[in-house]
$ cat final-v1.txt   # compact mmCIF, C-alpha atoms
# COMPACT_ATOMS: atom_id res chain seq x y z
CA MET A 1 208.16 27.83 170.54
CA GLY A 2 209.22 31.44 169.93
CA ARG A 3 211.92 33.26 171.78
CA TRP A 4 211.70 33.39 175.56
CA GLU A 5 209.71 36.32 176.93
CA PRO A 6 210.45 37.17 180.56
CA ASP A 7 207.27 36.43 182.57
CA ALA A 8 205.08 36.56 179.48
CA ARG A 9 202.30 34.76 181.30
CA GLY A 10 202.24 37.23 184.18
CA ARG A 11 202.41 40.23 181.83
CA LEU A 12 199.55 38.89 179.71
CA ALA A 13 197.43 38.15 182.77
CA LYS A 14 198.04 41.64 184.17
CA ALA A 15 197.23 43.31 180.84
CA ALA A 16 194.07 41.23 180.43
CA MET A 17 192.79 42.04 183.92
CA GLU A 18 193.39 45.74 183.37
CA LEU A 19 191.52 45.72 180.07
CA TYR A 20 188.62 43.63 181.42
CA ALA A 21 188.25 46.09 184.28
CA GLU A 22 188.56 49.18 182.07
CA GLN A 23 186.37 48.25 179.12
CA GLY A 24 184.62 45.00 180.03
CA PHE A 25 185.44 41.34 179.38
CA GLU A 26 183.28 41.02 176.27
CA GLN A 27 184.69 44.13 174.61
CA THR A 28 188.31 43.06 175.04
CA THR A 29 190.13 41.18 172.28
CA VAL A 30 193.19 38.95 172.54
CA ALA A 31 194.94 41.35 170.13
CA GLU A 32 194.42 44.20 172.62
CA ILE A 33 195.70 42.10 175.51
CA ALA A 34 198.83 41.11 173.61
CA ALA A 35 199.45 44.71 172.52
CA ARG A 36 199.06 46.03 176.07
CA ALA A 37 201.55 43.41 177.30
CA GLY A 38 203.98 44.21 174.45
CA LEU A 39 203.70 40.63 173.14
CA THR A 40 202.14 38.86 170.17
CA GLU A 41 198.80 37.08 169.95
CA ARG A 42 200.75 33.92 169.23
CA THR A 43 202.49 34.26 172.58
CA PHE A 44 199.10 34.76 174.25
CA PHE A 45 197.84 31.48 172.83
CA ARG A 46 200.96 29.66 173.99
CA HIS A 47 199.95 30.55 177.54
CA PHE A 48 196.12 30.60 177.49
CA ALA A 49 193.56 28.65 175.46
CA ASP A 50 191.30 31.70 175.25
CA LYS A 51 190.62 35.00 177.00
CA ARG A 52 188.42 33.31 179.62
CA GLU A 53 191.31 31.13 180.78
CA VAL A 54 193.19 34.18 182.05
CA LEU A 55 190.58 34.32 184.79
CA PHE A 56 190.54 30.60 185.59
CA TYR A 57 194.03 29.14 185.27
CA GLY A 58 194.56 29.70 189.00
CA MET A 59 191.79 27.17 189.69
CA GLU A 60 194.13 24.27 188.88
CA ARG A 61 196.61 25.46 191.47
CA LEU A 62 193.73 25.82 193.93
CA ARG A 63 192.57 22.26 193.21
CA ASP A 64 196.09 20.88 193.76
CA LEU A 65 196.39 22.87 196.99
CA LEU A 66 193.03 21.58 198.24
CA THR A 67 193.73 17.92 197.48
CA ARG A 68 197.24 18.12 198.96
CA ALA A 69 195.88 19.75 202.13
CA VAL A 70 193.25 17.02 202.49
CA ALA A 71 195.90 14.33 201.99
CA GLY A 72 198.25 16.04 204.45
CA ALA A 73 195.74 16.47 207.29
CA PRO A 74 196.61 14.57 210.51
CA ALA A 75 195.54 10.93 210.56
CA ALA A 76 193.08 11.66 213.38
CA ALA A 77 191.33 14.46 211.45
CA THR A 78 187.64 13.93 210.69
CA ALA A 79 186.35 14.42 207.14
CA MET A 80 185.19 17.93 208.02
CA ASP A 81 188.50 18.74 209.77
CA ALA A 82 190.42 17.72 206.65
CA ALA A 83 188.10 19.60 204.27
CA SER A 84 188.14 22.62 206.56
CA ALA A 85 191.96 22.67 206.67
CA ALA A 86 191.98 22.53 202.87
CA PHE A 87 189.60 25.47 202.43
CA GLN A 88 191.57 27.51 204.97
CA ALA A 89 194.72 26.83 202.92
CA ALA A 90 192.84 27.94 199.80
CA GLY A 91 191.76 31.10 201.60
CA ALA A 92 195.36 31.79 202.63
CA MET A 93 196.45 31.46 199.00
CA LEU A 94 193.74 33.82 197.74
CA GLN A 95 194.48 36.52 200.28
CA GLU A 96 198.11 36.68 199.20
CA ASN A 97 196.93 39.03 196.47
CA PRO A 98 193.62 40.48 197.66
CA GLU A 99 193.48 43.33 195.12
CA ARG A 100 193.83 40.91 192.21
CA VAL A 101 191.27 38.51 193.69
CA ARG A 102 188.74 41.32 194.29
CA LEU A 103 189.26 42.72 190.79
CA ARG A 104 188.84 39.24 189.29
CA ASP A 105 185.66 38.69 191.30
CA ALA A 106 184.18 41.96 190.03
CA ILE A 107 184.95 40.97 186.42
CA VAL A 108 183.48 37.47 186.80
CA SER A 109 180.39 38.74 188.64
CA ALA A 110 179.61 41.16 185.81
CA ASN A 111 179.38 38.45 183.12
CA ALA A 112 176.91 35.55 183.03
CA GLU A 113 179.18 33.32 180.94
CA LEU A 114 182.05 33.78 183.39
CA GLN A 115 179.78 33.11 186.36
CA GLU A 116 178.77 29.81 184.70
CA ARG A 117 182.37 28.84 184.30
CA GLU A 118 183.04 29.76 187.93
CA LEU A 119 180.24 27.47 189.08
CA ILE A 120 181.62 24.60 186.99
CA LYS A 121 185.08 25.09 188.44
CA LEU A 122 183.65 25.18 191.97
CA ALA A 123 181.77 21.94 191.30
CA ALA A 124 185.04 20.41 190.08
CA LEU A 125 186.81 21.59 193.25
CA ALA A 126 184.11 19.93 195.39
CA ALA A 127 184.52 16.69 193.41
CA ALA A 128 188.32 16.84 193.84
CA VAL A 129 188.01 17.35 197.60
CA ALA A 130 185.50 14.48 197.86
CA GLY A 131 187.94 12.26 195.93
CA ALA A 132 190.82 13.21 198.23
CA LEU A 133 188.64 12.41 201.26
CA ARG A 134 187.75 9.00 199.82
CA ASP A 135 191.50 8.42 199.34
CA ARG A 136 191.81 8.94 203.12
CA GLY A 137 189.31 6.14 203.64
CA ILE A 138 186.24 8.34 204.27
CA PRO A 139 183.25 6.46 202.84
CA GLU A 140 180.42 8.00 200.86
CA PRO A 141 178.20 9.89 201.44
CA GLY A 142 180.41 11.40 204.19
CA ALA A 143 183.14 12.40 201.75
CA SER A 144 180.77 14.23 199.39
CA LEU A 145 178.84 15.80 202.26
CA ALA A 146 182.01 17.23 203.81
CA ALA A 147 183.30 18.44 200.43
CA GLU A 148 180.03 20.02 199.27
CA THR A 149 179.50 21.60 202.68
CA GLY A 150 183.06 22.92 202.64
CA VAL A 151 182.41 24.57 199.27
CA ALA A 152 179.07 25.95 200.49
CA VAL A 153 180.69 27.52 203.55
CA PHE A 154 183.63 28.76 201.48
CA LYS A 155 181.25 30.49 199.04
CA VAL A 156 179.54 32.30 201.91
CA ALA A 157 182.87 33.19 203.58
CA PHE A 158 184.37 34.38 200.30
CA ALA A 159 181.35 36.59 199.59
CA ARG A 160 181.73 38.23 203.02
CA TRP A 161 185.46 38.69 202.58
CA VAL A 162 185.39 39.95 198.99
CA SER A 163 182.75 42.60 199.74
CA ASP A 164 184.77 44.08 202.62
CA PRO A 165 188.16 45.44 201.53
CA GLY A 166 188.97 46.11 205.20
CA GLN A 167 188.79 42.38 205.88
CA ARG A 168 192.14 40.63 205.33
CA ASP A 169 191.76 37.27 207.00
CA LEU A 170 189.86 34.92 204.67
CA PRO A 171 190.82 31.72 206.55
CA GLY A 172 189.52 33.43 209.70
CA VAL A 173 186.21 34.32 208.01
CA PHE A 174 185.97 30.69 206.86
CA ARG A 175 186.51 29.43 210.43
CA GLU A 176 183.84 31.83 211.72
CA SER A 177 181.42 30.68 209.04
CA MET A 178 182.10 27.01 209.90
CA ALA A 179 181.34 27.81 213.54
CA GLU A 180 178.09 29.47 212.49
CA LEU A 181 177.25 26.46 210.36
CA ARG A 182 177.61 24.22 213.40
CA GLY A 183 175.13 26.49 215.17
CA VAL A 184 172.81 26.41 212.16
CA VAL A 185 172.76 22.61 211.76
CA GLY A 186 173.11 21.82 215.44
CA GLY A 187 169.41 22.07 216.26
CA PRO A 188 166.74 19.52 215.42
CA VAL A 189 166.11 19.32 211.69
CA GLY A 190 162.57 18.31 210.73
CA MET B 1 148.35 32.47 168.98
CA GLY B 2 147.39 29.52 166.79
CA ARG B 3 144.58 27.11 167.49
CA TRP B 4 144.51 25.39 170.84
CA GLU B 5 146.44 22.12 170.96
CA PRO B 6 145.43 19.81 173.80
CA ASP B 7 148.41 19.57 176.21
CA ALA B 8 150.85 20.75 173.55
CA ARG B 9 153.45 21.55 176.19
CA GLY B 10 153.30 18.09 177.73
CA ARG B 11 153.41 16.38 174.32
CA LEU B 12 156.39 18.46 173.23
CA ALA B 13 158.25 17.78 176.48
CA LYS B 14 157.60 14.04 176.20
CA ALA B 15 158.70 13.93 172.55
CA ALA B 16 161.84 15.94 173.34
CA MET B 17 162.85 13.69 176.25
CA GLU B 18 162.37 10.59 174.11
CA LEU B 19 164.51 12.00 171.31
CA TYR B 20 167.24 13.27 173.65
CA ALA B 21 167.43 9.81 175.21
CA GLU B 22 167.35 7.97 171.87
CA GLN B 23 169.76 10.03 169.80
CA GLY B 24 171.37 12.55 172.16
CA PHE B 25 170.51 16.14 173.05
CA GLU B 26 172.92 17.73 170.57
CA GLN B 27 171.73 15.66 167.64
CA THR B 28 168.06 16.51 168.18
CA THR B 29 166.44 19.42 166.35
CA VAL B 30 163.32 21.37 167.27
CA ALA B 31 161.84 20.24 163.92
CA GLU B 32 162.19 16.61 164.98
CA ILE B 33 160.65 17.29 168.39
CA ALA B 34 157.67 19.05 166.84
CA ALA B 35 157.20 16.26 164.27
CA ARG B 36 157.32 13.54 166.95
CA ALA B 37 154.68 15.44 168.95
CA GLY B 38 152.54 15.96 165.86
CA LEU B 39 152.85 19.75 166.22
CA THR B 40 154.60 22.59 164.44
CA GLU B 41 157.92 24.25 165.25
CA ARG B 42 155.96 27.43 165.80
CA THR B 43 153.96 25.72 168.54
CA PHE B 44 157.21 24.51 170.11
CA PHE B 45 158.50 28.06 170.32
CA ARG B 46 155.25 29.26 171.90
CA HIS B 47 156.01 26.93 174.82
CA PHE B 48 159.82 26.84 175.06
CA ALA B 49 162.51 29.43 174.28
CA ASP B 50 164.84 26.72 172.96
CA LYS B 51 165.44 22.98 173.19
CA ARG B 52 167.36 23.35 176.46
CA GLU B 53 164.35 24.89 178.19
CA VAL B 54 162.42 21.62 177.88
CA LEU B 55 164.81 20.27 180.50
CA PHE B 56 164.70 23.29 182.81
CA TYR B 57 161.24 24.84 182.86
CA GLY B 58 160.41 22.73 185.94
CA MET B 59 163.05 24.67 187.87
CA GLU B 60 160.74 27.67 188.19
CA ARG B 61 158.07 25.51 189.81
CA LEU B 62 160.75 24.12 192.09
CA ARG B 63 161.88 27.61 193.08
CA ASP B 64 158.32 28.69 193.88
CA LEU B 65 157.80 25.52 195.91
CA LEU B 66 161.02 26.09 197.86
CA THR B 67 160.31 29.72 198.68
CA ARG B 68 156.69 28.97 199.65
CA ALA B 69 157.83 26.12 201.90
CA VAL B 70 160.36 28.39 203.62
CA ALA B 71 157.70 31.08 204.10
CA GLY B 72 155.20 28.51 205.39
CA ALA B 73 157.48 26.87 207.97
CA PRO B 74 156.33 27.24 211.60
CA ALA B 75 157.30 30.48 213.30
CA ALA B 76 159.54 28.58 215.73
CA ALA B 77 161.50 26.85 212.93
CA THR B 78 165.22 27.59 212.79
CA ALA B 79 166.82 28.65 209.49
CA MET B 80 167.97 25.09 208.88
CA ASP B 81 164.54 23.65 209.82
CA ALA B 82 162.86 25.93 207.30
CA ALA B 83 165.40 25.21 204.55
CA SER B 84 165.23 21.51 205.32
CA ALA B 85 161.42 21.48 205.08
CA ALA B 86 161.70 23.23 201.72
CA PHE B 87 164.16 20.72 200.25
CA GLN B 88 162.04 17.83 201.50
CA ALA B 89 159.06 19.37 199.71
CA ALA B 90 161.20 19.66 196.56
CA GLY B 91 162.19 16.01 196.92
CA ALA B 92 158.54 15.02 197.25
CA MET B 93 157.75 16.89 194.04
CA LEU B 94 160.59 15.25 192.12
CA GLN B 95 159.70 11.75 193.17
CA GLU B 96 156.16 12.13 191.84
CA ASN B 97 157.59 11.13 188.47
CA PRO B 98 160.83 9.25 189.20
CA GLU B 99 161.26 7.78 185.71
CA ARG B 100 161.10 11.22 184.11
CA VAL B 101 163.48 12.71 186.68
CA ARG B 102 166.00 9.87 186.22
CA LEU B 103 165.80 10.12 182.43
CA ARG B 104 166.27 13.89 182.60
CA ASP B 105 169.26 13.47 184.91
CA ALA B 106 170.90 11.03 182.49
CA ILE B 107 170.41 13.49 179.60
CA VAL B 108 171.78 16.46 181.56
CA SER B 109 174.73 14.48 182.93
CA ALA B 110 175.80 13.49 179.41
CA ASN B 111 176.20 17.08 178.17
CA ALA B 112 178.61 19.70 179.54
CA GLU B 113 176.48 22.65 178.41
CA LEU B 114 173.41 21.23 180.19
CA GLN B 115 175.42 20.53 183.33
CA GLU B 116 176.49 24.20 183.34
CA ARG B 117 172.91 25.31 183.09
CA GLU B 118 171.96 22.93 185.90
CA LEU B 119 174.62 24.48 188.15
CA ILE B 120 173.35 27.98 187.37
CA LYS B 121 169.79 26.97 188.18
CA LEU B 122 170.95 25.36 191.45
CA ALA B 123 172.81 28.55 192.39
CA ALA B 124 169.62 30.50 191.66
CA LEU B 125 167.62 28.11 193.88
CA ALA B 126 170.11 28.64 196.73
CA ALA B 127 169.79 32.42 196.29
CA ALA B 128 165.98 32.18 196.31
CA VAL B 129 165.99 30.10 199.51
CA ALA B 130 168.41 32.54 201.17
CA GLY B 131 166.09 35.40 200.17
CA ALA B 132 163.06 33.61 201.61
CA LEU B 133 164.97 33.01 204.86
CA ARG B 134 165.91 36.69 205.10
CA ASP B 135 162.20 37.48 204.61
CA ARG B 136 161.59 35.39 207.77
CA GLY B 137 163.99 37.67 209.63
CA ILE B 138 167.02 35.36 209.51
CA PRO B 139 170.08 37.62 209.28
CA GLU B 140 173.10 37.03 207.06
CA PRO B 141 175.30 35.02 206.95
CA GLY B 142 172.92 32.53 208.59
CA ALA B 143 170.41 32.71 205.76
CA SER B 144 173.00 32.02 203.05
CA LEU B 145 174.72 29.34 205.13
CA ALA B 146 171.46 27.45 205.65
CA ALA B 147 170.47 27.83 201.98
CA GLU B 148 173.86 26.83 200.54
CA THR B 149 174.14 23.94 202.98
CA GLY B 150 170.63 22.82 202.07
CA VAL B 151 171.58 22.77 198.38
CA ALA B 152 174.84 20.93 199.17
CA VAL B 153 172.99 18.23 201.12
CA PHE B 154 170.26 18.05 198.50
CA LYS B 155 172.86 17.49 195.76
CA VAL B 156 174.36 14.59 197.70
CA ALA B 157 170.93 13.14 198.55
CA PHE B 158 169.73 13.50 194.97
CA ALA B 159 172.85 11.75 193.61
CA ARG B 160 172.21 8.81 195.97
CA TRP B 161 168.53 8.64 195.07
CA VAL B 162 168.92 9.03 191.31
CA SER B 163 171.54 6.28 191.06
CA ASP B 164 169.34 3.74 192.86
CA PRO B 165 166.06 3.02 191.01
CA GLY B 166 164.98 0.85 193.97
CA GLN B 167 165.02 3.96 196.19
CA ARG B 168 161.70 5.84 196.16
CA ASP B 169 161.88 8.14 199.15
CA LEU B 170 163.90 11.24 198.21
CA PRO B 171 162.74 13.33 201.20
CA GLY B 172 163.82 10.42 203.40
CA VAL B 173 167.25 10.29 201.79
CA PHE B 174 167.53 14.06 202.33
CA ARG B 175 166.68 13.67 206.04
CA GLU B 176 169.27 10.90 206.39
CA SER B 177 171.88 13.06 204.66
CA MET B 178 171.06 16.01 206.95
CA ALA B 179 171.53 13.72 209.95
CA GLU B 180 174.89 12.60 208.55
CA LEU B 181 175.85 16.23 208.01
CA ARG B 182 175.19 16.96 211.66
CA GLY B 183 177.57 14.10 212.48
CA VAL B 184 180.12 15.42 209.99
CA VAL B 185 180.14 19.01 211.27
CA GLY B 186 179.51 18.15 214.90
CA GLY B 187 183.15 17.52 215.79
CA PRO B 188 185.84 20.13 216.37
CA VAL B 189 186.78 21.90 213.16
CA GLY B 190 190.37 23.16 213.04

$ encode --input "final-v1.txt" --output "structure tokens"
Amino acid sequence: MGRWEPDARGRLAKAAMELYAEQGFEQTTVAEIAARAGLTERTFFRHFADKREVLFYGMERLRDLLTRAVAGAPAAATAMDAASAAFQAAGAMLQENPERVRLRDAIVSANAELQERELIKLAALAAAVAGALRDRGIPEPGASLAAETGVAVFKVAFARWVSDPGQRDLPGVFRESMAELRGVVGGPVG
Amino acid sequence: MGRWEPDARGRLAKAAMELYAEQGFEQTTVAEIAARAGLTERTFFRHFADKREVLFYGMERLRDLLTRAVAGAPAAATAMDAASAAFQAAGAMLQENPERVRLRDAIVSANAELQERELIKLAALAAAVAGALRDRGIPEPGASLAAETGVAVFKVAFARWVSDPGQRDLPGVFRESMAELRGVVGGPVG
């Protein structure tokens, strides 16, 4: 390891996001990111496997948050209660830094390869939530249904939230969307 | 165009699936697929953009089927009724050739790149269903909620069906899963 760089990871992430927004993800090199952050390429690769990872390393924290929230839901919570609490906690985390999240979303949405990676990470989040629900004793297919439905509702809620900079309350939009889902699936389904 | 080859597309698809199953997707070349089918590489590329497309060209038919089924649902159908009818129609199409669908699933599941493509195609199907629901006058976010939820339930139903070769009735498994979803989301959601 080289000498310690104060908040190298944060500086690299900030520089990368700026460059992706200014000139596009594909056009940006790791050398440019390191230069903008006043660091070396070697330091970049100590913190991120590649330039895509700058946009996705937060997903691991999100996964841990989701599985902990499922595990920590009250004993009486249903599968959907527990999943819903988890996605509200995820929403609360994301809205801590709405400008960064909206900028990141614009970068990912503009690039097919990044959108693919986003879908894979979302599928992994659904699998992690389903696993945490099974750990609570929820049998299949209930665990997967609650987890996949939670992700589906979260995607819709996130899309509403991210497209409206006046909207601050992502957990609230999620709760509204869950209520609408209950209306949508409540009727007879042929 | 070269001379007409009777069912060249079907022969190429069959040869490709056999080779992917026997020796793995990555290890298989277009030259081998063409040779097994008794055709030329040039003929292969008249029918498929690349060797991945052999596994995904059915998705377009599936998308057309889904959007037509949504459009053709009775006027009184709710958003979820219409989406549900569409995914049952998709299930009926898939179970016409269960061995092929199960073999394809095993090939896709064994390869990260193919799984990515599968997720992208599923996201495109959800978007197409949401669009067809909006065309019926269903406003957002109801259209996206019904479409994303339909895909979420279909994923769970498909996973149950594909892992049980004794199970024939995919539309039936979808209906059961929808009923379980109503149970899952029916309770209070915090």

$ atom_distance --input "final-v1.txt" --atom1 "atom CA of Pro165 of chain B" --atom2 "atom CA of Leu114 of chain B"
22.4 Å

$ atom_distance --input "final-v1.txt" --atom1 "atom CA of Leu65 of chain B" --atom2 "atom CA of Ala82 of chain B"
12.5 Å

$ calpha_fit_and_write --input "final-v1.txt" --fixed "chain B" --moving "chain A" --output "compact mmCIF listing (two decimals) with C-alpha atoms, keeping the file's coordinate frame"
# COMPACT_ATOMS: atom_id res chain seq x y z
CA MET A 1 148.34 32.52 168.99
CA GLY A 2 147.40 29.54 166.81
CA ARG A 3 144.60 27.15 167.48
CA TRP A 4 144.51 25.41 170.85
CA GLU A 5 146.44 22.14 170.99
CA PRO A 6 145.42 19.84 173.84
CA ASP A 7 148.41 19.59 176.23
CA ALA A 8 150.85 20.76 173.57
CA ARG A 9 153.44 21.56 176.21
CA GLY A 10 153.31 18.10 177.75
CA ARG A 11 153.39 16.39 174.34
CA LEU A 12 156.39 18.46 173.24
CA ALA A 13 158.24 17.79 176.48
CA LYS A 14 157.58 14.05 176.20
CA ALA A 15 158.70 13.94 172.56
CA ALA A 16 161.84 15.95 173.34
CA MET A 17 162.84 13.70 176.24
CA GLU A 18 162.37 10.60 174.12
CA LEU A 19 164.50 12.00 171.31
CA TYR A 20 167.24 13.26 173.66
CA ALA A 21 167.42 9.81 175.21
CA GLU A 22 167.35 7.97 171.88
CA GLN A 23 169.76 10.03 169.80
CA GLY A 24 171.36 12.55 172.15
CA PHE A 25 170.53 16.15 173.06
CA GLU A 26 172.93 17.73 170.57
CA GLN A 27 171.72 15.65 167.64
CA THR A 28 168.06 16.50 168.18
CA THR A 29 166.43 19.41 166.35
CA VAL A 30 163.31 21.36 167.28
CA ALA A 31 161.82 20.25 163.94
CA GLU A 32 162.19 16.61 165.01
CA ILE A 33 160.63 17.29 168.40
CA ALA A 34 157.65 19.05 166.86
CA ALA A 35 157.19 16.27 164.29
CA ARG A 36 157.32 13.56 166.95
CA ALA A 37 154.68 15.44 168.97
CA GLY A 38 152.51 15.98 165.86
CA LEU A 39 152.83 19.77 166.24
CA THR A 40 154.59 22.61 164.45
CA GLU A 41 157.90 24.26 165.28
CA ARG A 42 155.95 27.45 165.82
CA THR A 43 153.95 25.74 168.55
CA PHE A 44 157.20 24.52 170.12
CA PHE A 45 158.51 28.07 170.35
CA ARG A 46 155.27 29.27 171.91
CA HIS A 47 156.00 26.94 174.81
CA PHE A 48 159.82 26.85 175.06
CA ALA A 49 162.50 29.43 174.28
CA ASP A 50 164.83 26.73 172.97
CA LYS A 51 165.43 22.99 173.20
CA ARG A 52 167.37 23.36 176.46
CA GLU A 53 164.36 24.88 178.20
CA VAL A 54 162.44 21.61 177.88
CA LEU A 55 164.82 20.27 180.50
CA PHE A 56 164.72 23.29 182.82
CA TYR A 57 161.24 24.81 182.86
CA GLY A 58 160.42 22.72 185.94
CA MET A 59 163.07 24.66 187.87
CA GLU A 60 160.74 27.67 188.19
CA ARG A 61 158.08 25.53 189.81
CA LEU A 62 160.76 24.10 192.10
CA ARG A 63 161.90 27.61 193.07
CA ASP A 64 158.32 28.68 193.87
CA LEU A 65 157.80 25.51 195.90
CA LEU A 66 161.02 26.08 197.85
CA THR A 67 160.31 29.73 198.68
CA ARG A 68 156.70 28.97 199.63
CA ALA A 69 157.82 26.12 201.90
CA VAL A 70 160.36 28.39 203.61
CA ALA A 71 157.71 31.08 204.09
CA GLY A 72 155.20 28.53 205.38
CA ALA A 73 157.47 26.88 207.96
CA PRO A 74 156.31 27.24 211.60
CA ALA A 75 157.29 30.49 213.29
CA ALA A 76 159.53 28.58 215.72
CA ALA A 77 161.49 26.85 212.93
CA THR A 78 165.22 27.59 212.78
CA ALA A 79 166.80 28.64 209.48
CA MET A 80 167.96 25.07 208.87
CA ASP A 81 164.53 23.65 209.82
CA ALA A 82 162.85 25.93 207.29
CA ALA A 83 165.40 25.21 204.54
CA SER A 84 165.23 21.51 205.31
CA ALA A 85 161.42 21.48 205.07
CA ALA A 86 161.71 23.23 201.70
CA PHE A 87 164.17 20.72 200.25
CA GLN A 88 162.04 17.82 201.50
CA ALA A 89 159.06 19.37 199.69
CA ALA A 90 161.21 19.66 196.56
CA GLY A 91 162.20 16.02 196.92
CA ALA A 92 158.54 15.02 197.25
CA MET A 93 157.75 16.88 194.04
CA LEU A 94 160.60 15.24 192.12
CA GLN A 95 159.71 11.73 193.19
CA GLU A 96 156.18 12.11 191.85
CA ASN A 97 157.63 11.13 188.48
CA PRO A 98 160.86 9.26 189.21
CA GLU A 99 161.26 7.76 185.72
CA ARG A 100 161.11 11.20 184.10
CA VAL A 101 163.49 12.69 186.67
CA ARG A 102 166.02 9.85 186.22
CA LEU A 103 165.81 10.09 182.43
CA ARG A 104 166.28 13.87 182.60
CA ASP A 105 169.28 13.46 184.91
CA ALA A 106 170.92 11.02 182.49
CA ILE A 107 170.43 13.47 179.60
CA VAL A 108 171.79 16.45 181.56
CA SER A 109 174.75 14.46 182.93
CA ALA A 110 175.80 13.47 179.41
CA ASN A 111 176.20 17.06 178.16
CA ALA A 112 178.61 19.68 179.52
CA GLU A 113 176.47 22.63 178.41
CA LEU A 114 173.42 21.21 180.18
CA GLN A 115 175.43 20.51 183.33
CA GLU A 116 176.50 24.19 183.33
CA ARG A 117 172.93 25.30 183.08
CA GLU A 118 171.98 22.93 185.90
CA LEU A 119 174.63 24.46 188.15
CA ILE A 120 173.37 27.97 187.38
CA LYS A 121 169.81 26.96 188.19
CA LEU A 122 170.95 25.35 191.45
CA ALA A 123 172.81 28.53 192.38
CA ALA A 124 169.63 30.49 191.67
CA LEU A 125 167.63 28.10 193.87
CA ALA A 126 170.11 28.64 196.73
CA ALA A 127 169.80 32.42 196.30
CA ALA A 128 165.98 32.17 196.31
CA VAL A 129 165.99 30.10 199.50
CA ALA A 130 168.41 32.54 201.17
CA GLY A 131 166.09 35.41 200.18
CA ALA A 132 163.05 33.62 201.60
CA LEU A 133 164.96 33.01 204.85
CA ARG A 134 165.90 36.69 205.09
CA ASP A 135 162.19 37.48 204.59
CA ARG A 136 161.58 35.40 207.75
CA GLY A 137 163.97 37.67 209.62
CA ILE A 138 167.02 35.36 209.50
CA PRO A 139 170.08 37.62 209.26
CA GLU A 140 173.10 37.03 207.06
CA PRO A 141 175.30 35.03 206.95
CA GLY A 142 172.90 32.53 208.60
CA ALA A 143 170.40 32.71 205.75
CA SER A 144 172.99 32.03 203.04
CA LEU A 145 174.71 29.35 205.12
CA ALA A 146 171.46 27.45 205.64
CA ALA A 147 170.47 27.82 201.97
CA GLU A 148 173.86 26.83 200.52
CA THR A 149 174.14 23.94 202.96
CA GLY A 150 170.62 22.82 202.07
CA VAL A 151 171.58 22.76 198.38
CA ALA A 152 174.83 20.94 199.17
CA VAL A 153 173.00 18.24 201.12
CA PHE A 154 170.27 18.05 198.48
CA LYS A 155 172.87 17.49 195.74
CA VAL A 156 174.38 14.60 197.69
CA ALA A 157 170.94 13.13 198.54
CA PHE A 158 169.74 13.49 194.96
CA ALA A 159 172.85 11.74 193.62
CA ARG A 160 172.22 8.80 195.98
CA TRP A 161 168.55 8.63 195.08
CA VAL A 162 168.94 9.03 191.31
CA SER A 163 171.56 6.27 191.08
CA ASP A 164 169.34 3.73 192.87
CA PRO A 165 166.08 3.03 191.03
CA GLY A 166 164.99 0.87 193.98
CA GLN A 167 165.04 3.94 196.20
CA ARG A 168 161.71 5.82 196.17
CA ASP A 169 161.88 8.13 199.15
CA LEU A 170 163.92 11.22 198.21
CA PRO A 171 162.75 13.33 201.19
CA GLY A 172 163.82 10.41 203.40
CA VAL A 173 167.27 10.28 201.77
CA PHE A 174 167.53 14.05 202.31
CA ARG A 175 166.68 13.67 206.02
CA GLU A 176 169.28 10.90 206.37
CA SER A 177 171.89 13.05 204.65
CA MET A 178 171.06 16.01 206.94
CA ALA A 179 171.54 13.72 209.94
CA GLU A 180 174.90 12.61 208.55
CA LEU A 181 175.85 16.23 207.99
CA ARG A 182 175.20 16.96 211.65
CA GLY A 183 177.57 14.11 212.48
CA VAL A 184 180.12 15.43 210.00
CA VAL A 185 180.13 19.03 211.26
CA GLY A 186 179.46 18.18 214.89
CA GLY A 187 183.09 17.54 215.82
CA PRO A 188 185.77 20.16 216.38
CA VAL A 189 186.70 21.92 213.16
CA GLY A 190 190.28 23.19 213.01

$ interface_residues --input "final-v1.txt" --of "chain A" --to "chain B" --cutoff "8 Å" --atoms "all atoms listed in the file" --output "PyMOL selection string"
chain A and resi 78-81+84-85+116-117+119-120+141-142+144-146+148-149+152-153+156+175+177-178+180-182+184-190

$ closest_residue --input "final-v1.txt" --among "B:Arg136, B:Ala90, B:Lys51, B:Asn97" --to "Glu26 of chain B" --atoms "only C-alpha atoms"
B:Lys51

$ residues_near_point --input "final-v1.txt" --point "(188.4, 43.0, 184.6)" --cutoff "8 Å" --atoms "all atoms listed in the file" --output "VMD selection string"
chain A and resid 16 to 25 103 to 104 106 to 108

$ residues_around --input "final-v1.txt" --residues "segment 35-39 of chain A" --least-positions-apart "3" --cutoff "6 Å" --atoms "all atoms listed in the file" --output "VMD selection string"
chain A and resid 11 to 12 15 32

$ atom_distance --input "final-v1.txt" --atom1 "atom CA of Pro98 of chain A" --atom2 "atom CA of Lys121 of chain B"
29.0 Å

$ residues_around --input "final-v1.txt" --residues "Tyr57 of chain A" --least-positions-apart "4" --cutoff "12 Å" --atoms "only C-alpha atoms" --output "PyMOL selection string"
chain A and resi 9-10+13+47-53+61-63+117-118+121

$ closest_residue --input "final-v1.txt" --among "B:Pro171, B:Gly137, B:Gly131, B:Gly166" --to "Ala86 of chain B" --atoms "all atoms listed in the file"
B:Pro171

$ residues_around --input "final-v1.txt" --residues "Asp164 of chain B" --least-positions-apart "6" --cutoff "12 Å" --atoms "only C-alpha atoms" --output "list in words"
Pro98, Glu99, Arg102, Ala157, Phe158, Leu170 and Val173 of chain B

$ closest_residue --input "final-v1.txt" --among "A:Arg134, A:Ala8, A:Ala126, A:Val101" --to "Leu55 of chain A" --atoms "only C-alpha atoms"
A:Val101
